[in-house]
Amino acid sequence: IEECFGWLKTVGGLRKTKLIGRAKLAGQTFLAFATYNLIRIGSLSGCWGGSHV
């Protein structure tokens with residue numbers, strides 16, 4: 001699970017967010033987690049051979 005949060009901080013832009021408000025931050029977090037999951041699923045299934053992490 002630390003790999004996921006590390007990716008979110010570095011690539012997902014959650015280290016220092018520019019958004020103000022709980023709802024906006026929740027939306028950014030949701031989008032970042034969804035992106036991470038799509039990249040991970042693509043790598044695990046073999047559809048995408050890039051090194052994402």
# chains A, B, ... in the order shown; residues from 1 in each chain; ligands from 1
call {"tool": "residues_around", "arguments": {"residues": "region 12-22 of chain A", "least_positions_apart": "4", "cutoff": "10 Å", "atoms": "only C-alpha atoms", "output": "list in words"}}
result
Cys4, Phe5, Gly6, Trp7, Leu8, Ala26, Gly27, Gln28, Thr29, Leu31, Ala32, Phe33, Thr35 and Tyr36 of chain A
call {"tool": "write_last_selection", "arguments": {"atoms": "C-alpha atoms", "output": "CSV table (one decimal), in the first residue's frame"}}
result
chain,number,residue,atom,x,y,z
A,4,CYS,CA,0.3,3.4,-4.0
A,5,PHE,CA,0.6,6.4,-1.7
A,6,GLY,CA,4.1,7.1,-3.0
A,7,TRP,CA,2.8,7.1,-6.6
A,8,LEU,CA,0.0,9.4,-5.5
A,26,ALA,CA,-11.6,14.3,-2.3
A,27,GLY,CA,-12.3,14.7,-6.0
A,28,GLN,CA,-8.6,15.0,-6.8
A,29,THR,CA,-7.8,12.0,-4.6
A,31,LEU,CA,-9.2,10.9,-9.8
A,32,ALA,CA,-5.6,10.1,-8.8
A,33,PHE,CA,-6.6,6.7,-7.3
A,35,THR,CA,-5.7,6.8,-12.7
A,36,TYR,CA,-3.3,4.6,-10.6
call {"tool": "atom_distance", "arguments": {"atom1": "CA of Cys47 (chain A)", "atom2": "CA of Lys9 (chain A)"}}
result
25.0 Å
call {"tool": "atom_distance", "arguments": {"atom1": "CA of Leu38 (chain A)", "atom2": "CA of Glu3 (chain A)"}}
result
15.1 Å
call {"tool": "select_by_dssp", "arguments": {"residues": "chain A", "states": "helix (DSSP H, G or I)", "output": "number ranges by chain"}}
result
A: 2-10, 22-45
